[in-house]
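One file, start_34.csv, is given below (CSV, C-alpha atoms).
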```csv
chain,number,residue,atom,x,y,z
A,1,MET,CA,131.7,85.5,136.4
A,2,GLN,CA,134.1,82.6,135.7
A,3,LEU,CA,133.2,79.0,135.2
A,4,GLN,CA,135.5,76.5,137.1
A,5,VAL,CA,136.5,73.2,135.6
A,6,LEU,CA,136.2,71.4,138.9
A,7,ASN,CA,133.0,69.2,139.0
A,8,SER,CA,131.9,70.9,135.8
A,9,PRO,CA,130.1,68.8,133.1
A,10,PHE,CA,132.1,70.8,130.4
A,11,ASP,CA,135.4,69.9,129.0
A,12,GLU,CA,138.3,72.4,129.1
A,13,GLU,CA,137.6,73.8,125.6
A,14,GLN,CA,133.9,74.4,126.4
A,15,VAL,CA,134.9,76.1,129.7
A,16,GLN,CA,137.1,78.5,127.8
A,17,LEU,CA,134.4,79.3,125.3
A,18,LEU,CA,131.8,79.9,128.0
A,19,ASN,CA,134.2,82.1,130.0
A,20,GLN,CA,134.7,84.3,126.9
A,21,VAL,CA,131.0,84.8,126.4
A,22,LEU,CA,129.3,84.8,129.8
A,23,PRO,CA,131.1,87.9,131.3
A,24,LYS,CA,130.0,90.0,128.3
A,25,LEU,CA,126.3,89.2,128.7
A,26,SER,CA,123.9,91.8,130.0
A,27,GLU,CA,121.4,91.0,132.8
A,28,SER,CA,118.5,90.7,130.3
A,29,GLN,CA,120.6,88.5,128.0
A,30,ARG,CA,121.3,86.1,130.8
A,31,TYR,CA,117.6,85.9,131.7
A,32,TRP,CA,116.8,85.2,128.1
A,33,LEU,CA,119.5,82.6,127.7
A,34,GLY,CA,118.5,80.7,130.8
A,35,GLY,CA,114.9,80.6,129.7
A,36,TYR,CA,115.8,79.5,126.2
A,37,ILE,CA,118.0,76.6,127.5
A,38,SER,CA,115.2,75.5,129.9
A,39,ALA,CA,112.7,75.5,127.1
A,40,LEU,CA,115.0,73.4,124.8
A,41,ASN,CA,115.3,70.8,127.5
A,42,GLY,CA,111.6,70.4,127.5
A,43,GLN,CA,111.2,69.9,123.8
A,44,ARG,CA,111.1,66.6,121.8
A,45,SER,CA,114.3,66.0,119.8
A,46,SER,CA,112.1,65.8,116.7
A,47,VAL,CA,111.5,69.6,116.6
A,48,ASP,CA,112.6,70.9,113.2
A,49,THR,CA,114.9,73.8,114.0
A,50,ASN,CA,114.7,75.0,110.5
A,51,VAL,CA,111.1,76.2,111.1
A,52,ALA,CA,111.2,76.6,114.9
A,53,VAL,CA,110.8,80.2,116.2
A,54,LEU,CA,110.8,81.7,119.6
A,55,GLU,CA,107.3,82.6,120.7
A,56,ARG,CA,107.2,86.2,121.9
A,57,PRO,CA,105.7,86.4,125.4
A,58,GLU,CA,102.5,88.4,125.8
A,59,SER,CA,102.9,92.1,126.6
A,60,ASP,CA,102.4,91.6,130.3
A,61,MET,CA,105.0,88.8,130.4
A,62,LYS,CA,107.9,90.5,128.6
A,63,VAL,CA,111.3,90.6,130.1
A,64,ALA,CA,112.2,94.2,130.7
A,65,THR,CA,115.7,95.4,129.6
A,66,LYS,CA,118.0,97.9,131.1
A,67,GLU,CA,118.2,99.9,127.9
A,68,VAL,CA,116.9,103.4,128.1
A,69,THR,CA,116.7,106.1,125.5
A,70,ILE,CA,116.7,109.8,126.5
A,71,LEU,CA,115.5,112.3,124.0
A,72,TYR,CA,115.8,116.1,124.6
A,73,GLY,CA,114.7,119.2,122.8
A,74,SER,CA,116.4,122.3,124.1
A,75,GLN,CA,116.5,125.9,123.0
A,76,THR,CA,118.6,127.4,125.8
A,77,GLY,CA,120.4,124.3,127.0
A,78,ASN,CA,118.4,123.6,130.2
A,79,CYS,CA,116.8,120.4,128.8
A,80,GLN,CA,120.2,119.2,127.5
A,81,ASN,CA,121.8,119.7,130.9
A,82,LEU,CA,119.0,117.8,132.7
A,83,ALA,CA,119.2,115.0,130.1
A,84,GLU,CA,122.9,114.6,130.6
A,85,GLU,CA,122.5,114.6,134.4
A,86,LEU,CA,119.8,111.9,134.2
A,87,THR,CA,122.0,109.9,131.9
A,88,GLU,CA,124.8,109.9,134.4
A,89,ASN,CA,122.4,108.9,137.2
A,90,LEU,CA,121.0,105.9,135.3
A,91,LYS,CA,124.5,104.8,134.2
A,92,GLN,CA,125.6,104.7,137.8
A,93,GLN,CA,122.8,102.1,138.3
A,94,GLN,CA,124.0,100.0,135.4
A,95,PHE,CA,121.4,101.1,132.9
A,96,GLU,CA,122.4,101.1,129.3
A,97,VAL,CA,121.5,104.7,128.2
A,98,THR,CA,121.3,106.3,124.8
A,99,LEU,CA,121.3,110.1,125.0
A,100,THR,CA,120.2,111.9,121.8
A,101,SER,CA,119.0,115.3,120.7
A,102,MET,CA,115.7,115.1,118.9
A,103,GLN,CA,117.3,116.7,115.8
A,104,ASP,CA,119.7,113.7,115.6
A,105,PHE,CA,117.2,111.0,116.3
A,106,LYS,CA,115.9,108.8,113.4
A,107,PRO,CA,112.1,108.5,114.1
A,108,ASN,CA,111.8,105.1,112.4
A,109,ALA,CA,113.9,103.7,115.3
A,110,LEU,CA,111.1,104.5,117.7
A,111,LYS,CA,109.4,101.1,117.4
A,112,LYS,CA,112.6,99.4,118.6
A,113,ILE,CA,112.7,101.3,121.9
A,114,GLU,CA,111.3,99.9,125.1
A,115,HIS,CA,112.0,102.7,127.6
A,116,LEU,CA,111.9,106.4,126.4
A,117,LEU,CA,112.4,109.4,128.6
A,118,ILE,CA,111.6,112.8,127.0
A,119,ILE,CA,112.9,116.2,128.3
A,120,ILE,CA,111.4,119.0,126.3
A,121,SER,CA,110.9,122.8,126.6
A,122,THR,CA,108.1,125.0,125.1
A,123,HIS,CA,108.6,128.4,123.5
A,124,GLY,CA,106.4,131.2,122.0
A,125,GLU,CA,102.8,130.2,121.4
A,126,GLY,CA,103.2,126.6,122.6
A,127,ASP,CA,105.9,125.8,120.0
A,128,PRO,CA,108.6,123.1,120.3
A,129,PRO,CA,112.3,124.1,120.2
A,130,ASP,CA,113.8,124.3,116.7
A,131,THR,CA,115.7,121.1,117.2
A,132,ALA,CA,112.5,119.2,118.1
A,133,ILE,CA,110.3,120.3,115.3
A,134,PRO,CA,111.0,117.4,112.8
A,135,PHE,CA,110.4,114.8,115.5
A,136,HIS,CA,107.3,116.6,116.7
A,137,GLU,CA,105.9,116.7,113.2
A,138,PHE,CA,106.7,113.0,112.6
A,139,LEU,CA,105.0,111.9,115.8
A,140,HIS,CA,101.9,113.9,114.9
A,141,GLY,CA,101.9,112.9,111.2
A,142,LYS,CA,100.5,109.9,109.3
A,143,ARG,CA,103.8,108.0,109.4
A,144,ALA,CA,103.8,107.7,113.2
A,145,PRO,CA,103.8,103.9,114.1
A,146,LYS,CA,101.9,102.1,116.8
A,147,LEU,CA,104.0,102.0,120.0
A,148,ASP,CA,102.3,99.3,122.1
A,149,ASP,CA,105.6,98.1,123.5
A,150,LEU,CA,106.9,101.5,124.5
A,151,HIS,CA,107.1,102.7,128.1
A,152,PHE,CA,107.8,106.4,128.5
A,153,SER,CA,107.6,109.5,130.6
A,154,VAL,CA,107.9,113.2,129.8
A,155,LEU,CA,109.6,116.0,131.8
A,156,SER,CA,108.3,119.4,130.3
A,157,LEU,CA,109.9,122.8,130.9
A,158,GLY,CA,108.1,126.0,130.4
A,159,ASP,CA,107.1,129.4,131.8
A,160,SER,CA,103.7,129.7,133.5
A,161,SER,CA,103.4,133.3,132.4
A,162,TYR,CA,102.7,132.1,128.9
A,163,GLU,CA,99.2,131.0,127.8
A,164,PHE,CA,100.4,127.6,126.4
A,165,PHE,CA,102.5,126.5,129.4
A,166,CYS,CA,104.5,123.4,128.7
A,167,GLN,CA,102.4,122.7,125.6
A,168,THR,CA,105.0,120.7,123.7
A,169,GLY,CA,105.5,118.3,126.6
A,170,LYS,CA,101.7,117.9,126.8
A,171,ASP,CA,101.6,117.2,123.0
A,172,PHE,CA,104.2,114.5,123.3
A,173,ASP,CA,102.6,112.9,126.3
A,174,LYS,CA,99.1,112.8,124.7
A,175,LYS,CA,100.3,111.6,121.3
A,176,LEU,CA,102.5,108.8,122.6
A,177,GLN,CA,99.5,107.5,124.6
A,178,GLU,CA,97.3,107.7,121.5
A,179,LEU,CA,99.8,105.6,119.7
A,180,GLY,CA,99.6,102.9,122.3
A,181,ALA,CA,102.6,103.7,124.6
A,182,THR,CA,102.4,103.3,128.4
A,183,GLN,CA,103.4,105.9,130.9
A,184,LEU,CA,106.1,104.9,133.3
A,185,VAL,CA,105.2,107.8,135.5
A,186,ASP,CA,102.9,110.8,134.9
A,187,ARG,CA,104.2,113.7,132.9
A,188,VAL,CA,105.7,116.5,135.1
A,189,ASP,CA,105.4,120.2,134.0
A,190,CYS,CA,108.1,122.5,135.4
A,191,ASP,CA,108.1,126.3,135.7
A,192,LEU,CA,111.2,128.5,135.7
A,193,ASP,CA,112.4,127.1,139.0
A,194,PHE,CA,112.7,123.4,137.9
A,195,ASP,CA,115.6,121.9,139.8
A,196,ASP,CA,113.7,120.2,142.7
A,197,ILE,CA,110.8,119.1,140.6
A,198,ALA,CA,113.1,117.6,138.0
A,199,ALA,CA,115.0,115.8,140.7
A,200,THR,CA,111.8,114.2,142.0
A,201,TRP,CA,110.9,113.1,138.4
A,202,PHE,CA,114.4,111.6,138.1
A,203,GLN,CA,113.8,109.5,141.2
A,204,ASP,CA,110.3,108.4,140.2
A,205,VAL,CA,111.3,107.2,136.7
A,206,THR,CA,114.4,105.4,138.1
A,207,THR,CA,112.3,103.7,140.7
A,208,LYS,CA,109.7,102.6,138.1
A,209,LEU,CA,112.4,101.3,135.8
A,210,ASN,CA,113.9,99.2,138.6
A,211,GLU,CA,110.5,97.9,139.5
A,212,ARG,CA,109.9,96.7,136.0
A,213,LEU,CA,113.2,94.9,136.0
A,214,GLU,CA,112.5,93.2,139.3
A,215,SER,CA,109.0,92.1,138.3
A,216,SER,CA,110.1,90.8,134.9
A,217,SER,CA,112.8,88.7,136.4
A,218,GLN,CA,110.0,86.4,137.5
A,219,VAL,CA,108.7,86.0,134.0
A,220,SER,CA,108.2,82.5,132.7
A,221,SER,CA,110.7,81.2,130.2
A,222,PRO,CA,109.8,81.6,126.6
A,223,SER,CA,108.8,78.4,124.9
A,224,VAL,CA,110.0,77.0,121.6
A,225,THR,CA,107.4,75.7,119.2
A,226,ALA,CA,107.6,74.4,115.6
A,227,THR,CA,105.9,77.1,113.6
A,228,PRO,CA,106.0,77.3,109.8
A,229,ILE,CA,107.5,80.5,108.5
A,230,GLU,CA,104.7,82.7,107.2
A,231,LYS,CA,104.9,83.3,103.4
A,232,THR,CA,104.3,86.6,101.8
A,233,THR,CA,101.3,87.0,99.5
A,234,TYR,CA,103.0,89.8,97.5
A,235,SER,CA,104.7,89.4,94.1
A,236,ARG,CA,105.7,91.3,91.0
A,237,THR,CA,102.1,91.3,89.8
A,238,LYS,CA,100.8,92.1,93.3
A,239,PRO,CA,103.3,94.6,94.8
A,240,PHE,CA,103.4,95.6,98.5
A,241,GLU,CA,102.7,99.3,99.2
A,242,ALA,CA,105.7,100.2,101.2
A,243,GLU,CA,106.1,103.3,103.2
A,244,VAL,CA,109.1,105.5,102.3
A,245,TYR,CA,111.1,106.4,105.4
A,246,GLU,CA,114.0,108.2,103.7
A,247,ASN,CA,114.4,109.6,100.1
A,248,ILE,CA,117.8,111.4,99.9
A,249,ASN,CA,119.6,112.6,96.8
A,250,LEU,CA,123.2,111.5,97.2
A,251,ASN,CA,124.6,113.8,94.5
A,252,GLY,CA,125.8,117.2,95.1
A,253,ARG,CA,124.1,120.4,94.1
A,254,GLY,CA,124.6,121.1,90.4
A,255,SER,CA,125.3,117.5,89.5
A,256,ASN,CA,123.5,116.3,86.3
A,257,LYS,CA,123.2,112.8,88.0
A,258,GLU,CA,120.6,111.7,90.5
A,259,THR,CA,121.5,108.8,92.8
A,260,ARG,CA,119.0,108.3,95.6
A,261,HIS,CA,119.2,106.6,99.0
A,262,LEU,CA,115.8,105.0,99.8
A,263,GLU,CA,114.7,103.5,103.1
A,264,LEU,CA,111.5,101.5,102.8
A,265,SER,CA,109.3,99.9,105.5
A,266,LEU,CA,108.5,96.2,104.9
A,267,GLU,CA,106.4,95.9,108.0
A,268,GLY,CA,103.4,93.6,107.5
A,269,SER,CA,104.6,92.3,104.2
A,270,ASN,CA,106.5,89.1,105.4
A,271,LEU,CA,109.1,89.9,102.8
A,272,GLN,CA,112.7,89.1,103.6
A,273,PHE,CA,115.2,91.5,102.0
A,274,ASP,CA,118.9,90.8,102.4
A,275,PRO,CA,122.0,92.7,101.1
A,276,GLY,CA,122.5,91.9,97.4
A,277,ASP,CA,118.8,91.4,96.7
A,278,SER,CA,117.1,93.6,94.2
A,279,VAL,CA,113.8,95.4,94.6
A,280,GLY,CA,111.4,96.8,92.0
A,281,ILE,CA,109.7,100.0,92.7
A,282,TYR,CA,106.3,100.9,91.2
A,283,PRO,CA,105.7,104.7,91.6
A,284,LYS,CA,102.3,106.2,91.7
A,285,ASN,CA,101.1,108.8,89.3
A,286,ASP,CA,100.6,112.4,90.4
A,287,PRO,CA,97.1,112.6,92.0
A,288,GLY,CA,96.6,116.0,90.5
A,289,LEU,CA,97.2,114.6,87.0
A,290,VAL,CA,94.8,111.7,87.7
A,291,ASP,CA,92.0,114.1,89.0
A,292,ALA,CA,92.5,116.4,86.0
A,293,LEU,CA,92.2,113.5,83.6
A,294,LEU,CA,89.0,112.2,85.3
A,295,ALA,CA,87.5,115.7,85.2
A,296,GLU,CA,88.4,116.3,81.5
A,297,MET,CA,86.8,113.0,80.4
A,298,ASN,CA,83.9,113.2,82.9
A,299,TRP,CA,84.8,109.6,84.1
A,300,ASP,CA,83.4,108.0,87.2
A,301,PRO,CA,86.3,107.4,89.6
A,302,GLU,CA,84.7,104.3,91.1
A,303,GLU,CA,83.9,102.6,87.8
A,304,SER,CA,85.4,99.1,87.6
A,305,VAL,CA,88.0,98.5,84.9
A,306,VAL,CA,90.0,95.5,83.9
A,307,LEU,CA,93.7,95.7,84.8
A,308,ASN,CA,95.3,92.7,83.0
A,309,ALA,CA,94.8,89.6,81.0
A,310,GLN,CA,93.9,87.7,84.2
A,311,GLY,CA,90.8,89.8,84.5
A,312,ASP,CA,91.7,91.5,87.7
A,313,LEU,CA,89.4,94.5,88.4
A,314,SER,CA,90.1,97.9,90.0
A,315,ALA,CA,88.3,101.2,90.5
A,316,LEU,CA,89.2,103.6,87.7
A,317,LYS,CA,90.9,106.2,89.9
A,318,ARG,CA,93.1,103.6,91.6
A,319,ALA,CA,94.0,102.1,88.2
A,320,LEU,CA,95.0,105.5,86.8
A,321,THR,CA,97.0,106.2,90.0
A,322,CYS,CA,98.7,102.9,90.6
A,323,HIS,CA,98.6,100.7,87.4
A,324,PHE,CA,98.2,102.6,84.1
A,325,GLU,CA,100.9,104.7,82.4
A,326,ILE,CA,99.4,108.2,81.9
A,327,THR,CA,102.6,110.3,81.8
A,328,VAL,CA,104.1,109.1,78.5
A,329,LEU,CA,102.6,108.9,75.0
A,330,THR,CA,103.5,106.2,72.4
A,331,LYS,CA,102.5,105.7,68.8
A,332,PRO,CA,100.5,102.5,69.5
A,333,LEU,CA,98.5,104.5,72.1
A,334,LEU,CA,97.8,107.2,69.6
A,335,VAL,CA,96.7,104.6,67.0
A,336,LYS,CA,94.1,103.3,69.5
A,337,ALA,CA,93.1,106.8,70.4
A,338,ALA,CA,92.5,107.7,66.8
A,339,GLU,CA,89.8,105.0,66.6
A,340,LEU,CA,87.9,106.9,69.3
A,341,SER,CA,88.6,110.5,68.3
A,342,LYS,CA,86.5,112.6,65.9
A,343,ASP,CA,89.4,115.0,65.3
A,344,GLU,CA,90.9,114.3,61.8
A,345,LYS,CA,94.1,116.0,62.8
A,346,LEU,CA,95.1,113.0,65.0
A,347,LYS,CA,94.6,110.6,62.1
A,348,GLU,CA,96.6,112.9,59.9
A,349,LEU,CA,99.4,113.0,62.4
A,350,LEU,CA,99.6,109.2,62.2
A,351,GLU,CA,100.2,109.1,58.4
A,352,PRO,CA,103.6,107.6,57.5
A,353,GLU,CA,104.9,110.9,56.0
A,354,ASN,CA,104.3,112.6,59.3
A,355,ASP,CA,106.7,110.5,61.4
A,356,GLU,CA,108.9,113.5,62.4
A,357,ALA,CA,105.8,115.6,63.4
A,358,LEU,CA,104.5,112.6,65.4
A,359,LYS,CA,107.8,112.3,67.3
A,360,GLU,CA,107.8,116.0,68.0
A,361,TYR,CA,104.2,115.9,69.3
A,362,ILE,CA,104.8,112.8,71.6
A,363,TYR,CA,107.9,114.3,73.2
A,364,GLY,CA,107.1,115.7,76.7
A,365,ARG,CA,103.4,115.2,76.5
A,366,ASP,CA,101.1,113.0,78.6
A,367,LEU,CA,97.6,111.5,78.3
A,368,LEU,CA,95.9,114.6,79.6
A,369,ASP,CA,97.5,116.6,76.7
A,370,LEU,CA,96.2,114.0,74.2
A,371,VAL,CA,92.6,114.0,75.4
A,372,GLN,CA,92.6,117.8,75.5
A,373,ASP,CA,94.1,118.2,72.1
A,374,PHE,CA,92.0,115.8,70.1
A,375,GLY,CA,88.5,115.6,71.6
A,376,PRO,CA,85.6,115.0,71.5
A,377,TRP,CA,85.8,111.3,72.1
A,378,ASP,CA,83.5,108.4,71.4
A,379,GLY,CA,83.0,105.7,74.1
```

Give the structure from the file, written as structure tokens.
Amino acid sequence: MQLQVLNSPFDEEQVQLLNQVLPKLSESQRYWLGGYISALNGQRSSVDTNVAVLERPESDMKVATKEVTILYGSQTGNCQNLAEELTENLKQQQFEVTLTSMQDFKPNALKKIEHLLIIISTHGEGDPPDTAIPFHEFLHGKRAPKLDDLHFSVLSLGDSSYEFFCQTGKDFDKKLQELGATQLVDRVDCDLDFDDIAATWFQDVTTKLNERLESSSQVSSPSVTATPIEKTTYSRTKPFEAEVYENINLNGRGSNKETRHLELSLEGSNLQFDPGDSVGIYPKNDPGLVDALLAEMNWDPEESVVLNAQGDLSALKRALTCHFEITVLTKPLLVKAAELSKDEKLKELLEPENDEALKEYIYGRDLLDLVQDFGPWDG
């Protein structure tokens, strides 16, 4: 695609710039750009571009892309071979294909995928291949995200002489639908002689992908509206409870240092985090320690307690878990505790001449140790 200067409304410099960009655009990018320019032409010049955002079309109006992700889980190599064959077939039709083994796939990238094709085998008592176990556990765990924008299909290999024939493929197919994903074509289960059935599945998913592209090419252009950027309601005093995607110790085995790589999800927070920004992390206390403390003191977990000077309230169990320090003892805390304790040994420990004994007691102990050592308690 080359733009000619003759009868063009662009000057020579603009033509050169356009000819550098246009040949590199994918089909979906050209659709988007055409719609965006059309939308701009229909807007008043008074639109404030600092707060204008592109409205995302409704789910049934989205422009499909030619990007396809193929994930395979293979024990003997059959699934990998089929995945590689399908990849070549789709590339010949100009699809942009990402081929990945499930063991190398980062599950938190799942929400960014539009088209997903899974080729998976089943072994033993309905178990996934070793390379697919982490992804299988993620998808069936609490961290699995909603996948309303995902279109997928599953090709499952197995042996019908086993009780749990193609069980792993059935698991993936069922769970993806529960998470909101839409089938491109129905799951296909293959026995030991799988070549012809797999070829038919190849053709069916390719046809469906092309149908989505053809129908989406008629989608109305996205509109541009002036919409204020939504502000976050979270702050230092009201932190956002972020999900931890990755927590990796970057130091080698035997190192006396501990440097960690953390990946956090900010989904739903409206927080903007850029390179160079700092983030504060408020860890939660061990649930086992919290439960033991509640049981020791016979406290009601749902009793309301005041969190701060502003008078914010919280259930006691949540306050002990998320807000109060219960893992470290300090001298001021012990002074307050001595006012409620009937044990004279605690008051004795706080005498000025016993500073060294106090430091020795405090070191390595937590609030549970304190209440167990110096009860009974008043109040």

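If you look at atom CA of A:Ser341 and atom CA of A:Asp373, they are 10.2 Å away from each other.
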
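Here the question is which of A:Trp377, A:Phe164, A:Tyr245, A:Phe324 gets nearest to A:Asn285 using only C-alpha atoms, and that residue is A:Phe324.
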
Nearest to A:Thr327, chosen from A:Gln80, A:Leu213, A:Leu293, A:Gly280, with only C-alpha atoms counted in the distances
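Under the stated criterion, the closest residue is A:Leu293.
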
Residues near A:Ser153, cut-off 8 Å, only C-alpha atoms, skip fewer than 6 positions along chain, as a list in words:
Leu116, Leu117, Ile118, Asp173, Gln183, Leu184, Val185, Asp186, Arg187 and Val205 of chain A

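Residue nearest A:Leu320 within the list A:Pro239, A:Pro287, A:Pro107, A:Gly124: A:Pro287 [criterion: smallest interatomic distance, all atoms listed in the file].
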
Which residues, written as a list of chain:residue names, have at least one atom at most 6 Å from A:Ser160, with only C-alpha atoms counted and residues fewer than 2 positions away on the same chain left out?
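Here the answer would be A:Tyr162, A:Phe165, A:Asp191.
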
Residue selection dump (C-alpha atoms) as a PDB file, in the coordinates of the input:
```pdb
ATOM      1  CA  TYR A 162     102.700 132.100 128.900  1.00  0.00           C
ATOM      2  CA  PHE A 165     102.500 126.500 129.400  1.00  0.00           C
ATOM      3  CA  ASP A 191     108.100 126.300 135.700  1.00  0.00           C
TER       4      ASP A 191
END
```

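Atom to atom, atom CA of A:Ala319 and atom CA of A:Glu243 stand 19.3 Å apart.
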
Test item: residues at most 10 Å from A:Pro134, only C-alpha atoms, excluding those fewer than 5 positions along its chain, as a ChimeraX atom specification
/A:102-107,128,139-140

Save the residues we just selected, C-alpha atoms, as a short mmCIF file (atom, residue, chain, number, x, y, z; two decimals), in the frame of the given file?
```cif
data_model
loop_
_atom_site.label_atom_id
_atom_site.label_comp_id
_atom_site.auth_asym_id
_atom_site.auth_seq_id
_atom_site.Cartn_x
_atom_site.Cartn_y
_atom_site.Cartn_z
CA MET A 102 115.70 115.10 118.90
CA GLN A 103 117.30 116.70 115.80
CA ASP A 104 119.70 113.70 115.60
CA PHE A 105 117.20 111.00 116.30
CA LYS A 106 115.90 108.80 113.40
CA PRO A 107 112.10 108.50 114.10
CA PRO A 128 108.60 123.10 120.30
CA LEU A 139 105.00 111.90 115.80
CA HIS A 140 101.90 113.90 114.90
#
```

Taking (118.8, 110.6, 136.4) in the coordinates of the supplied file, I want to know which residues reach to within 12 Å of it, counting only C-alpha atoms; could you give the answer as number ranges by chain?
A: 68-70, 81-95, 97, 99, 117, 119, 155, 198-207, 209

In Å, how far is it from atom CA of A:Glu267 to atom CA of A:Thr321?
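Those two atoms sit 22.8 Å apart.
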
Within 12 Å of (98.8, 114.9, 63.7) in the file's own coordinates, which protein, DNA or RNA residues have an atom, counting all atoms listed in the file? List them as a PyMOL selection string.
chain A and resi 331+334-335+337-338+343-362+370+373-374

Complete stretch 15-27 of chain A with N, CA, C and O atoms (output as a tab-separated table (two decimals), in the frame of the given file).
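Dumped everything to rebuild.tsv:
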```
chain	number	residue	atom	x	y	z
A	15	VAL	N	134.73	75.15	128.56
A	15	VAL	CA	134.90	76.10	129.70
A	15	VAL	C	135.47	77.41	129.16
A	15	VAL	O	135.03	78.51	129.50
A	16	GLN	N	136.51	77.30	128.32
A	16	GLN	CA	137.10	78.50	127.80
A	16	GLN	C	136.18	79.32	126.96
A	16	GLN	O	136.13	80.56	127.05
A	17	LEU	N	135.37	78.63	126.13
A	17	LEU	CA	134.40	79.30	125.30
A	17	LEU	C	133.35	80.05	126.15
A	17	LEU	O	132.98	81.20	125.90
A	18	LEU	N	132.86	79.33	127.17
A	18	LEU	CA	131.80	79.90	128.00
A	18	LEU	C	132.38	81.12	128.80
A	18	LEU	O	131.69	82.13	128.98
A	19	ASN	N	133.63	81.02	129.25
A	19	ASN	CA	134.20	82.10	130.00
A	19	ASN	C	134.49	83.34	129.11
A	19	ASN	O	134.64	84.47	129.59
A	20	GLN	N	134.57	83.13	127.80
A	20	GLN	CA	134.70	84.30	126.90
A	20	GLN	C	133.38	84.97	126.68
A	20	GLN	O	133.33	86.19	126.49
A	21	VAL	N	132.27	84.21	126.73
A	21	VAL	CA	131.00	84.80	126.40
A	21	VAL	C	130.22	85.29	127.63
A	21	VAL	O	129.69	86.41	127.63
A	22	LEU	N	130.17	84.50	128.71
A	22	LEU	CA	129.30	84.80	129.80
A	22	LEU	C	129.58	86.18	130.48
A	22	LEU	O	128.64	86.92	130.80
A	23	PRO	N	130.85	86.58	130.69
A	23	PRO	CA	131.10	87.90	131.30
A	23	PRO	C	130.58	89.07	130.51
A	23	PRO	O	130.39	90.16	131.04
A	24	LYS	N	130.38	88.86	129.21
A	24	LYS	CA	130.00	90.00	128.30
A	24	LYS	C	128.46	90.10	128.21
A	24	LYS	O	127.97	91.04	127.59
A	25	LEU	N	127.71	89.17	128.79
A	25	LEU	CA	126.30	89.20	128.70
A	25	LEU	C	125.65	90.21	129.62
A	25	LEU	O	126.06	90.32	130.78
A	26	SER	N	124.63	90.94	129.16
A	26	SER	CA	123.90	91.80	130.00
A	26	SER	C	122.93	91.00	130.90
A	26	SER	O	122.71	89.81	130.65
A	27	GLU	N	122.34	91.66	131.88
A	27	GLU	CA	121.40	91.00	132.80
A	27	GLU	C	120.24	90.38	132.02
A	27	GLU	O	119.84	89.23	132.21
```
